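Trainee: The structure file work-v6.tsv (TSV, C-alpha atoms) is provided below.
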```tsv
chain	number	residue	atom	x	y	z
A	20	MET	CA	-161.33	179.97	59.62
A	21	LEU	CA	-159.41	183.11	60.59
A	22	HIS	CA	-156.79	180.89	62.18
A	23	TYR	CA	-155.99	179.45	58.77
A	24	LEU	CA	-155.42	182.85	57.24
A	25	SER	CA	-154.34	185.46	59.71
A	26	PRO	CA	-150.70	185.99	60.64
A	27	LEU	CA	-152.04	187.62	63.80
A	28	PHE	CA	-152.24	184.16	65.33
A	29	ILE	CA	-148.56	183.48	64.83
A	30	PRO	CA	-146.15	184.28	67.67
A	31	ALA	CA	-144.97	187.85	66.97
A	32	LEU	CA	-141.37	186.80	66.32
A	33	TYR	CA	-142.37	184.54	63.41
A	34	ALA	CA	-145.00	186.98	62.12
A	35	GLY	CA	-142.20	189.55	61.94
A	36	VAL	CA	-140.03	187.12	59.98
A	37	VAL	CA	-142.86	186.37	57.52
A	38	VAL	CA	-143.75	190.04	56.95
A	39	ARG	CA	-140.11	191.16	56.60
A	40	ARG	CA	-139.24	188.37	54.16
A	41	ALA	CA	-142.39	188.92	52.08
A	42	ALA	CA	-141.74	192.68	51.94
A	43	LEU	CA	-138.11	192.12	50.92
A	44	VAL	CA	-139.13	189.68	48.16
A	45	TRP	CA	-141.78	192.12	46.91
A	46	ILE	CA	-139.27	195.00	46.79
A	47	LEU	CA	-136.64	192.85	45.06
A	48	LEU	CA	-139.17	191.71	42.44
A	49	HIS	CA	-140.07	195.32	41.69
A	50	ALA	CA	-136.44	196.39	41.62
A	51	ALA	CA	-135.74	193.58	39.13
A	52	ALA	CA	-138.74	194.60	37.01
A	53	ILE	CA	-137.63	198.25	36.96
A	54	ALA	CA	-134.05	197.27	36.12
A	55	LEU	CA	-135.18	194.98	33.27
A	56	THR	CA	-137.44	197.70	31.86
A	57	LEU	CA	-134.57	200.21	31.92
A	58	ILE	CA	-132.01	197.79	30.47
A	59	GLY	CA	-134.35	196.62	27.72
A	60	ASN	CA	-135.60	200.13	27.06
A	61	LEU	CA	-139.17	198.85	27.35
A	62	GLY	CA	-140.77	202.14	28.26
A	63	ASN	CA	-141.47	203.93	31.52
A	64	PRO	CA	-140.34	201.63	34.37
A	65	PHE	CA	-142.85	203.27	36.71
A	66	ASP	CA	-145.80	202.65	34.42
A	67	VAL	CA	-147.57	199.95	36.42
A	68	ASP	CA	-148.88	197.06	34.35
A	69	VAL	CA	-152.18	195.94	35.87
A	70	ALA	CA	-151.89	192.52	34.19
A	71	ALA	CA	-148.68	191.86	36.14
A	72	MET	CA	-150.25	192.44	39.57
A	73	VAL	CA	-151.54	188.91	40.16
A	74	PRO	CA	-148.37	187.14	38.90
A	75	ILE	CA	-146.20	189.40	41.09
A	76	ALA	CA	-148.38	188.68	44.14
A	77	LEU	CA	-148.20	184.93	43.48
A	78	LEU	CA	-144.46	185.09	42.85
A	79	THR	CA	-143.99	186.99	46.12
A	80	ALA	CA	-145.87	184.25	48.01
A	81	ALA	CA	-143.97	181.47	46.23
A	82	VAL	CA	-140.50	182.92	46.89
A	83	THR	CA	-141.45	183.77	50.49
A	84	GLY	CA	-142.69	180.20	50.93
A	85	ILE	CA	-139.36	178.80	49.72
A	86	ASP	CA	-137.53	181.05	52.18
A	87	LEU	CA	-139.82	180.07	55.08
A	88	ARG	CA	-139.26	176.38	54.29
A	89	ARG	CA	-135.53	177.01	54.53
A	90	ARG	CA	-136.26	178.28	58.04
A	91	ASN	CA	-138.29	175.13	58.93
A	92	LEU	CA	-141.40	177.26	59.47
A	93	HIS	CA	-143.41	174.86	57.28
A	94	ARG	CA	-142.91	172.35	60.11
A	95	LEU	CA	-143.19	174.65	63.10
A	96	LEU	CA	-146.18	176.82	62.20
A	97	PRO	CA	-148.67	173.98	61.55
A	98	THR	CA	-147.88	172.46	64.94
A	99	LEU	CA	-148.55	175.90	66.47
A	100	GLY	CA	-151.97	175.91	64.78
A	101	ILE	CA	-151.21	177.88	61.60
A	102	SER	CA	-151.89	176.44	58.17
A	103	PHE	CA	-148.81	176.98	55.99
A	104	PRO	CA	-150.74	177.13	52.68
A	105	GLY	CA	-153.20	179.49	54.40
A	106	LEU	CA	-150.31	181.69	55.47
A	107	LEU	CA	-148.94	181.82	51.94
A	108	ALA	CA	-152.39	182.70	50.63
A	109	THR	CA	-152.41	185.58	53.12
A	110	VAL	CA	-148.98	186.68	51.87
A	111	ALA	CA	-150.26	186.60	48.26
A	112	ALA	CA	-153.34	188.63	49.24
A	113	GLY	CA	-151.16	191.12	51.12
A	114	ALA	CA	-148.79	191.44	48.17
A	115	PHE	CA	-151.74	192.04	45.82
A	116	LEU	CA	-153.05	194.76	48.13
A	117	LEU	CA	-149.59	196.30	48.19
A	118	GLU	CA	-149.55	196.20	44.37
A	119	ILE	CA	-152.78	198.21	44.25
A	120	LEU	CA	-151.48	200.77	46.77
A	121	TYR	CA	-148.20	200.99	44.80
A	122	ALA	CA	-150.06	201.59	41.54
A	123	VAL	CA	-152.35	204.21	43.07
A	124	ALA	CA	-149.40	205.97	44.72
A	125	LEU	CA	-147.34	206.00	41.50
A	126	ARG	CA	-150.18	207.31	39.39
A	127	SER	CA	-150.93	210.12	41.81
A	128	VAL	CA	-147.23	211.06	41.89
A	129	LEU	CA	-146.70	210.83	38.12
A	130	SER	CA	-149.92	212.57	37.06
B	15	MET	CA	-157.27	161.75	74.39
B	16	LEU	CA	-155.96	160.76	70.92
B	17	GLU	CA	-157.64	157.80	69.25
B	18	ALA	CA	-157.14	156.56	65.72
B	19	ASP	CA	-158.92	153.64	64.08
B	20	SER	CA	-158.81	151.82	60.74
B	21	ILE	CA	-155.89	153.90	59.53
B	22	GLY	CA	-154.74	153.09	56.01
B	23	VAL	CA	-151.73	154.65	54.32
B	24	ARG	CA	-150.46	154.06	50.82
B	25	TYR	CA	-147.39	155.49	49.12
B	26	GLY	CA	-147.64	155.12	45.36
B	27	GLY	CA	-148.63	151.52	44.77
B	28	ARG	CA	-147.39	150.30	48.15
B	29	GLN	CA	-149.94	149.81	50.92
B	30	VAL	CA	-147.97	150.56	54.11
B	31	LEU	CA	-150.86	150.39	56.59
B	32	SER	CA	-154.24	148.78	56.04
B	33	ALA	CA	-156.03	148.76	59.41
B	34	ALA	CA	-153.94	150.36	62.14
B	35	SER	CA	-155.24	151.79	65.40
B	36	LEU	CA	-153.71	153.50	68.38
B	37	ARG	CA	-154.60	155.24	71.62
B	38	ALA	CA	-152.69	157.89	73.55
B	39	ARG	CA	-154.19	158.41	76.99
B	40	PRO	CA	-153.57	161.21	79.49
B	41	GLY	CA	-151.03	160.37	82.15
B	42	GLN	CA	-149.40	157.72	79.98
B	43	ILE	CA	-146.41	157.35	77.70
B	44	THR	CA	-147.53	155.20	74.79
B	45	LEU	CA	-144.75	153.57	72.83
B	46	LEU	CA	-145.22	152.58	69.20
B	47	VAL	CA	-142.76	149.83	68.24
B	48	GLY	CA	-142.07	147.77	65.16
B	49	ARG	CA	-139.40	146.92	62.62
B	50	ASN	CA	-137.99	149.49	60.24
B	51	GLY	CA	-140.33	150.22	57.35
B	52	VAL	CA	-143.54	148.83	58.88
B	53	GLY	CA	-145.13	152.28	58.92
B	54	LYS	CA	-144.68	153.63	62.45
B	55	SER	CA	-143.78	157.15	61.36
B	56	SER	CA	-146.43	156.99	58.61
B	57	LEU	CA	-149.03	156.06	61.24
B	58	LEU	CA	-148.04	158.97	63.48
B	59	ARG	CA	-148.02	161.40	60.54
B	60	ALA	CA	-151.41	160.18	59.31
B	61	CYS	CA	-152.94	160.46	62.80
B	62	VAL	CA	-151.79	164.05	63.33
B	63	GLY	CA	-152.64	165.17	59.80
B	64	ALA	CA	-149.04	165.66	58.74
B	65	GLY	CA	-148.95	162.86	56.18
B	66	PRO	CA	-151.08	161.02	53.66
B	67	LEU	CA	-154.16	159.16	54.92
B	68	LEU	CA	-156.02	156.70	52.71
B	69	HIS	CA	-158.77	155.94	55.22
B	70	GLY	CA	-159.44	155.98	58.93
B	71	ILE	CA	-160.84	158.15	61.69
B	72	VAL	CA	-159.02	160.24	64.28
B	73	ARG	CA	-160.57	161.53	67.49
B	74	PHE	CA	-158.88	164.07	69.70
B	75	GLN	CA	-160.38	165.18	73.00
B	76	GLY	CA	-163.68	163.59	71.95
B	77	THR	CA	-163.91	165.42	68.61
B	78	THR	CA	-163.79	163.43	65.39
B	79	HIS	CA	-161.41	164.69	62.73
B	80	TYR	CA	-161.86	163.41	59.21
B	81	PRO	CA	-159.53	163.99	57.60
B	82	PRO	CA	-157.26	165.14	60.44
B	83	ARG	CA	-155.58	168.51	59.86
B	84	LEU	CA	-152.51	169.35	61.92
B	85	PRO	CA	-153.25	173.08	62.41
B	86	ARG	CA	-156.71	172.27	63.77
B	87	LEU	CA	-155.46	169.50	66.07
B	88	ALA	CA	-152.65	171.78	67.19
B	89	ARG	CA	-155.09	174.50	68.20
B	90	GLU	CA	-156.83	171.92	70.37
B	91	GLY	CA	-153.60	171.13	72.19
B	92	LEU	CA	-151.71	168.54	70.14
B	93	PHE	CA	-148.04	169.06	69.36
B	94	TRP	CA	-146.38	167.08	66.56
B	95	LEU	CA	-142.64	166.76	66.82
B	96	PRO	CA	-141.25	165.09	63.67
B	97	ASP	CA	-137.79	163.55	63.50
B	98	GLU	CA	-136.52	166.67	61.72
B	99	SER	CA	-135.79	170.05	63.27
B	100	ILE	CA	-138.70	172.43	63.75
B	101	LEU	CA	-136.53	175.36	64.84
B	102	ASP	CA	-135.66	178.36	62.73
B	103	PRO	CA	-131.90	177.83	62.24
B	104	PHE	CA	-131.19	181.57	62.04
B	105	LEU	CA	-132.98	183.01	65.10
B	106	PRO	CA	-131.48	182.69	68.58
B	107	LEU	CA	-132.98	179.74	70.43
B	108	GLY	CA	-134.00	181.75	73.50
B	109	ARG	CA	-135.94	184.28	71.43
B	110	GLN	CA	-137.85	181.47	69.73
B	111	LEU	CA	-138.70	179.71	72.98
B	112	LYS	CA	-139.75	182.95	74.63
B	113	ALA	CA	-141.90	184.01	71.64
B	114	VAL	CA	-143.83	180.73	71.65
B	115	ALA	CA	-144.14	180.66	75.44
B	116	GLU	CA	-145.47	184.23	75.55
B	117	HIS	CA	-147.92	183.55	72.73
B	118	PHE	CA	-149.37	180.51	74.49
B	119	GLY	CA	-149.16	181.91	78.02
B	120	THR	CA	-146.55	179.45	79.23
B	121	THR	CA	-144.42	180.52	82.13
B	122	ASP	CA	-141.00	179.38	83.22
B	123	VAL	CA	-139.52	178.76	79.79
B	124	GLU	CA	-136.09	179.39	81.30
B	125	ARG	CA	-136.76	176.54	83.75
B	126	VAL	CA	-137.69	174.30	80.80
B	127	ALA	CA	-134.42	175.22	79.07
B	128	ALA	CA	-132.50	174.49	82.25
B	129	ALA	CA	-134.25	171.13	82.71
B	130	LEU	CA	-133.18	170.15	79.19
B	131	ARG	CA	-129.69	171.61	79.73
B	132	ILE	CA	-129.85	173.98	76.80
B	133	GLU	CA	-129.83	177.18	78.86
B	134	THR	CA	-126.24	177.90	77.81
B	135	HIS	CA	-127.45	178.01	74.18
B	136	TRP	CA	-130.09	180.67	74.88
B	137	HIS	CA	-128.40	183.19	72.59
B	138	THR	CA	-127.18	180.61	70.06
B	139	SER	CA	-128.78	180.00	66.68
B	140	PRO	CA	-129.98	176.41	66.22
B	141	ALA	CA	-127.84	176.12	63.08
B	142	SER	CA	-124.78	175.79	65.32
B	143	LEU	CA	-126.27	173.21	67.73
B	144	SER	CA	-125.38	169.51	67.62
B	145	GLY	CA	-128.01	166.90	66.72
B	146	GLY	CA	-128.67	166.02	70.36
B	147	GLU	CA	-128.91	169.67	71.40
B	148	THR	CA	-131.29	170.37	68.52
B	149	ARG	CA	-133.45	167.45	69.65
B	150	ARG	CA	-133.59	168.75	73.23
B	151	ALA	CA	-134.27	172.28	71.98
B	152	SER	CA	-137.16	170.96	69.86
B	153	VAL	CA	-138.65	169.29	72.93
B	154	ALA	CA	-138.21	172.59	74.78
B	155	MET	CA	-140.23	174.23	72.01
B	156	ALA	CA	-142.97	171.63	72.53
B	157	LEU	CA	-142.98	172.40	76.25
B	158	ALA	CA	-143.11	176.13	75.53
B	159	ARG	CA	-146.33	175.43	73.63
B	160	ASN	CA	-147.66	173.60	76.73
B	161	PRO	CA	-149.50	170.87	74.80
B	162	ARG	CA	-152.08	168.43	76.15
B	163	CYS	CA	-150.75	165.69	73.91
B	164	LEU	CA	-147.25	165.35	72.50
B	165	VAL	CA	-146.71	163.05	69.52
B	166	VAL	CA	-143.01	162.62	68.87
B	167	ASP	CA	-141.17	160.58	66.25
B	168	GLU	CA	-137.93	158.96	67.38
B	169	PRO	CA	-137.06	161.39	70.18
B	170	PHE	CA	-133.99	159.44	71.31
B	171	ARG	CA	-132.36	158.85	67.95
B	172	GLY	CA	-128.70	159.77	68.09
B	173	LEU	CA	-128.77	160.80	71.74
B	174	SER	CA	-126.15	159.75	74.25
B	175	PRO	CA	-127.49	157.63	77.16
B	176	ILE	CA	-127.30	160.54	79.60
B	177	ASP	CA	-129.15	162.89	77.25
B	178	ALA	CA	-131.74	160.18	76.57
B	179	GLU	CA	-132.25	159.80	80.32
B	180	LEU	CA	-132.64	163.56	80.66
B	181	LEU	CA	-135.24	163.67	77.90
B	182	GLY	CA	-137.00	160.62	79.33
B	183	GLY	CA	-137.31	162.42	82.65
B	184	VAL	CA	-138.96	165.38	80.93
B	185	PHE	CA	-141.48	163.09	79.18
B	186	ARG	CA	-142.22	161.37	82.50
B	187	GLN	CA	-142.85	164.75	84.13
B	188	MET	CA	-145.22	165.68	81.29
B	189	VAL	CA	-147.40	162.61	81.83
B	190	ASP	CA	-147.27	163.07	85.59
B	191	GLU	CA	-148.92	166.46	84.92
B	192	GLY	CA	-151.75	164.65	83.11
B	193	ARG	CA	-150.63	165.05	79.50
B	194	ALA	CA	-150.40	162.27	76.95
B	195	VAL	CA	-147.17	161.37	75.20
B	196	LEU	CA	-147.06	159.11	72.16
B	197	MET	CA	-143.67	158.21	70.75
B	198	THR	CA	-141.85	155.80	68.54
B	199	GLY	CA	-138.26	154.67	68.51
B	200	HIS	CA	-135.77	151.81	68.59
B	201	GLU	CA	-133.68	152.70	71.64
B	202	MET	CA	-135.14	149.93	73.76
B	203	PRO	CA	-133.10	150.35	76.98
B	204	ILE	CA	-134.60	153.80	77.64
B	205	LEU	CA	-137.95	153.15	75.92
B	206	ARG	CA	-138.64	150.05	78.01
B	207	THR	CA	-138.24	152.03	81.21
B	208	LEU	CA	-140.60	154.75	79.99
B	209	ALA	CA	-143.48	152.91	78.31
B	210	ASP	CA	-146.82	152.76	80.15
B	211	ALA	CA	-148.55	151.20	77.15
B	212	VAL	CA	-147.25	149.59	73.97
B	213	VAL	CA	-148.56	149.50	70.42
B	214	TRP	CA	-146.88	146.98	68.14
B	215	CYS	CA	-147.05	147.86	64.47
B	216	THR	CA	-146.65	144.94	62.07
B	217	ALA	CA	-147.97	143.73	58.70
B	218	GLY	CA	-150.04	146.85	58.08
B	219	THR	CA	-151.90	146.68	61.38
B	220	THR	CA	-151.32	147.24	65.11
B	221	HIS	CA	-151.67	145.33	68.36
B	222	GLN	CA	-152.22	147.25	71.56
B	223	TYR	CA	-150.98	146.31	75.00
B	224	ALA	CA	-152.15	148.24	78.05
B	225	ASP	CA	-149.47	146.50	80.10
B	226	PRO	CA	-145.94	146.70	78.64
B	227	ALA	CA	-144.92	143.47	80.42
B	228	THR	CA	-147.51	141.57	78.36
B	229	ALA	CA	-146.05	143.07	75.19
B	230	TRP	CA	-142.50	142.14	76.05
B	231	ASP	CA	-143.62	138.58	76.93
B	232	ASN	CA	-145.41	138.11	73.61
B	233	HIS	CA	-143.29	135.62	71.70
B	234	GLU	CA	-144.46	136.87	68.28
B	235	LEU	CA	-143.47	140.43	69.11
B	236	ARG	CA	-140.18	139.14	70.49
B	237	ARG	CA	-139.50	137.15	67.34
B	238	ASP	CA	-140.60	139.94	64.96
B	239	PHE	CA	-139.09	142.93	66.75
B	240	TRP	CA	-136.40	141.77	69.15
B	241	GLY	CA	-135.10	138.96	66.95
B	242	SER	CA	-134.86	136.48	69.82
```
Show this structure as structure tokens.

Mentor:
Amino acid sequence: MLHYLSPLFIPALYAGVVVRRAALVWILLHAAAIALTLIGNLGNPFDVDVAAMVPIALLTAAVTGIDLRRRNLHRLLPTLGISFPGLLATVAAGAFLLEILYAVALRSVLS
Amino acid sequence: MLEADSIGVRYGGRQVLSAASLRARPGQITLLVGRNGVGKSSLLRACVGAGPLLHGIVRFQGTTHYPPRLPRLAREGLFWLPDESILDPFLPLGRQLKAVAEHFGTTDVERVAAALRIETHWHTSPASLSGGETRRASVAMALARNPRCLVVDEPFRGLSPIDAELLGGVFRQMVDEGRAVLMTGHEMPILRTLADAVVWCTAGTTHQYADPATAWDNHELRRDFWGS
């Protein structure tokens, strides 16, 4: 079961690609959200909306998945024993965890 | 090693395969032949869990897989090489080969690259390789994985005769080491010299021939596939 989920079973080179791309997508999504909040004058851009955590995690996984397909990893990783949907689920879970850490960090800094 | 029985595949309303079977045995190159559109690639994809499967059973190394899932089969030593590139177009080829070889404990990946004459592209990104070079590099990736069974769709498509011969030699060496190779294709001059067993795919089913000479002498196969 772990094989379906854990990026630890991917050759390090590809695991690095997946983690870097997912992190970049996550940062860009947050940068866009902050920019839109500032432009639209929608309040404090660093006030984390808990309701947006799941959509942002799913969006991170979806955009990362599109990028990994562009790199043919949806063909390579399954034939190396890694489930591609399982990998994207791991990315979504990782992004959600990052969301929680981000929210906790912001609140402790802002309070 | 790889056995599939009663395979059925349907795309939309079209039944492509109704009762197809195949065997890939260790130490043998098994060739899957048939006219365009009879479902050869669909059969390979269904057997390795990379495509739709309506019904049928797949056994690999004595374990039954229903439905077959490629990641699970891959962990047991199967490598599926589709007719599209599996390489990351943006990472240098050598880094990719080395990463996979190190992960699976394969040694001599440089020797593999040299055998496939891609060693000069070690630092090149696959995006800038030609079709034939990409094909050879994909086979090098399969060898870096060190699989027990290689299932490959149209490995010789678009290759020059000398490159096809080179690739054929690599497949022959793989089966000499006790692995199984299952392939499909239409490049009969090279495929005829390689095949140890033949599976003829026609009318939604398959016919197996342990001896290629028997297959080539079959007048129905000749009429349906060779056209003479």

Trainee: Which residues are near range 116-127 of chain A? Cut-off 12 Å, only C-alpha atoms, ignore same chain within fewer than 2 positions. Put them as an MDAnalysis selection string.

Mentor: chainID A and resid 41:42 45:46 48:49 63:77 79 109:114 129:130

Trainee: Could you please select, counting only C-alpha atoms, the residues of chain A within 10 Å of chain B and state them as a VMD selection string?

Mentor: chain A and resid 20 22 to 23 28 to 33 36 87 to 103

Trainee: What separation in Å, quoted to one decimal, exists between CA of Glu234 in chain B and CA of Val212 in chain B?

Mentor: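 Distance reported for this atom pair: 14.2 Å.
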
Trainee: Any idea what the distance is between CA of Thr44 in chain B and CA of Ala209 in chain B?

Mentor: 5.8 Å

Trainee: Go ahead and compute the interatomic distance for CA of Asp225 in chain B and CA of Asp210 in chain B, in Å to one decimal.

Mentor: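 Computed distance, CA of Asp225 in chain B to CA of Asp210 in chain B, equals 6.8 Å.
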
Trainee: For range 42-57 of chain A, supply N, CA and C atoms and format the output as a PDB file, keeping the file's coordinate frame.

Mentor:
```pdb
ATOM      1  N   ALA A  42    -141.954 191.304  52.390  1.00  0.00           N
ATOM      2  CA  ALA A  42    -141.740 192.680  51.940  1.00  0.00           C
ATOM      3  C   ALA A  42    -140.436 192.775  51.136  1.00  0.00           C
ATOM      4  N   LEU A  43    -139.401 192.102  51.625  1.00  0.00           N
ATOM      5  CA  LEU A  43    -138.110 192.120  50.920  1.00  0.00           C
ATOM      6  C   LEU A  43    -138.245 191.495  49.534  1.00  0.00           C
ATOM      7  N   VAL A  44    -138.933 190.362  49.457  1.00  0.00           N
ATOM      8  CA  VAL A  44    -139.130 189.680  48.160  1.00  0.00           C
ATOM      9  C   VAL A  44    -139.901 190.600  47.213  1.00  0.00           C
ATOM     10  N   TRP A  45    -140.948 191.229  47.740  1.00  0.00           N
ATOM     11  CA  TRP A  45    -141.780 192.120  46.910  1.00  0.00           C
ATOM     12  C   TRP A  45    -140.937 193.283  46.363  1.00  0.00           C
ATOM     13  N   ILE A  46    -140.122 193.876  47.218  1.00  0.00           N
ATOM     14  CA  ILE A  46    -139.270 195.000  46.790  1.00  0.00           C
ATOM     15  C   ILE A  46    -138.250 194.535  45.747  1.00  0.00           C
ATOM     16  N   LEU A  47    -137.639 193.372  46.000  1.00  0.00           N
ATOM     17  CA  LEU A  47    -136.640 192.850  45.060  1.00  0.00           C
ATOM     18  C   LEU A  47    -137.266 192.542  43.693  1.00  0.00           C
ATOM     19  N   LEU A  48    -138.487 191.991  43.707  1.00  0.00           N
ATOM     20  CA  LEU A  48    -139.170 191.710  42.440  1.00  0.00           C
ATOM     21  C   LEU A  48    -139.409 192.995  41.658  1.00  0.00           C
ATOM     22  N   HIS A  49    -139.821 194.048  42.365  1.00  0.00           N
ATOM     23  CA  HIS A  49    -140.070 195.320  41.690  1.00  0.00           C
ATOM     24  C   HIS A  49    -138.778 195.961  41.211  1.00  0.00           C
ATOM     25  N   ALA A  50    -137.742 195.842  42.022  1.00  0.00           N
ATOM     26  CA  ALA A  50    -136.440 196.390  41.620  1.00  0.00           C
ATOM     27  C   ALA A  50    -135.962 195.695  40.350  1.00  0.00           C
ATOM     28  N   ALA A  51    -136.150 194.351  40.312  1.00  0.00           N
ATOM     29  CA  ALA A  51    -135.740 193.580  39.130  1.00  0.00           C
ATOM     30  C   ALA A  51    -136.562 194.005  37.916  1.00  0.00           C
ATOM     31  N   ALA A  52    -137.865 194.199  38.126  1.00  0.00           N
ATOM     32  CA  ALA A  52    -138.740 194.600  37.010  1.00  0.00           C
ATOM     33  C   ALA A  52    -138.340 195.965  36.464  1.00  0.00           C
ATOM     34  N   ILE A  53    -138.041 196.894  37.378  1.00  0.00           N
ATOM     35  CA  ILE A  53    -137.630 198.250  36.960  1.00  0.00           C
ATOM     36  C   ILE A  53    -136.303 198.183  36.206  1.00  0.00           C
ATOM     37  N   ALA A  54    -135.363 197.388  36.766  1.00  0.00           N
ATOM     38  CA  ALA A  54    -134.050 197.270  36.120  1.00  0.00           C
ATOM     39  C   ALA A  54    -134.188 196.669  34.725  1.00  0.00           C
ATOM     40  N   LEU A  55    -135.005 195.619  34.583  1.00  0.00           N
ATOM     41  CA  LEU A  55    -135.180 194.980  33.270  1.00  0.00           C
ATOM     42  C   LEU A  55    -135.827 195.937  32.267  1.00  0.00           C
ATOM     43  N   THR A  56    -136.782 196.736  32.748  1.00  0.00           N
ATOM     44  CA  THR A  56    -137.440 197.700  31.860  1.00  0.00           C
ATOM     45  C   THR A  56    -136.449 198.747  31.372  1.00  0.00           C
ATOM     46  N   LEU A  57    -135.580 199.205  32.289  1.00  0.00           N
ATOM     47  CA  LEU A  57    -134.570 200.210  31.920  1.00  0.00           C
ATOM     48  C   LEU A  57    -133.549 199.627  30.959  1.00  0.00           C
TER      49      LEU A  57
END
```
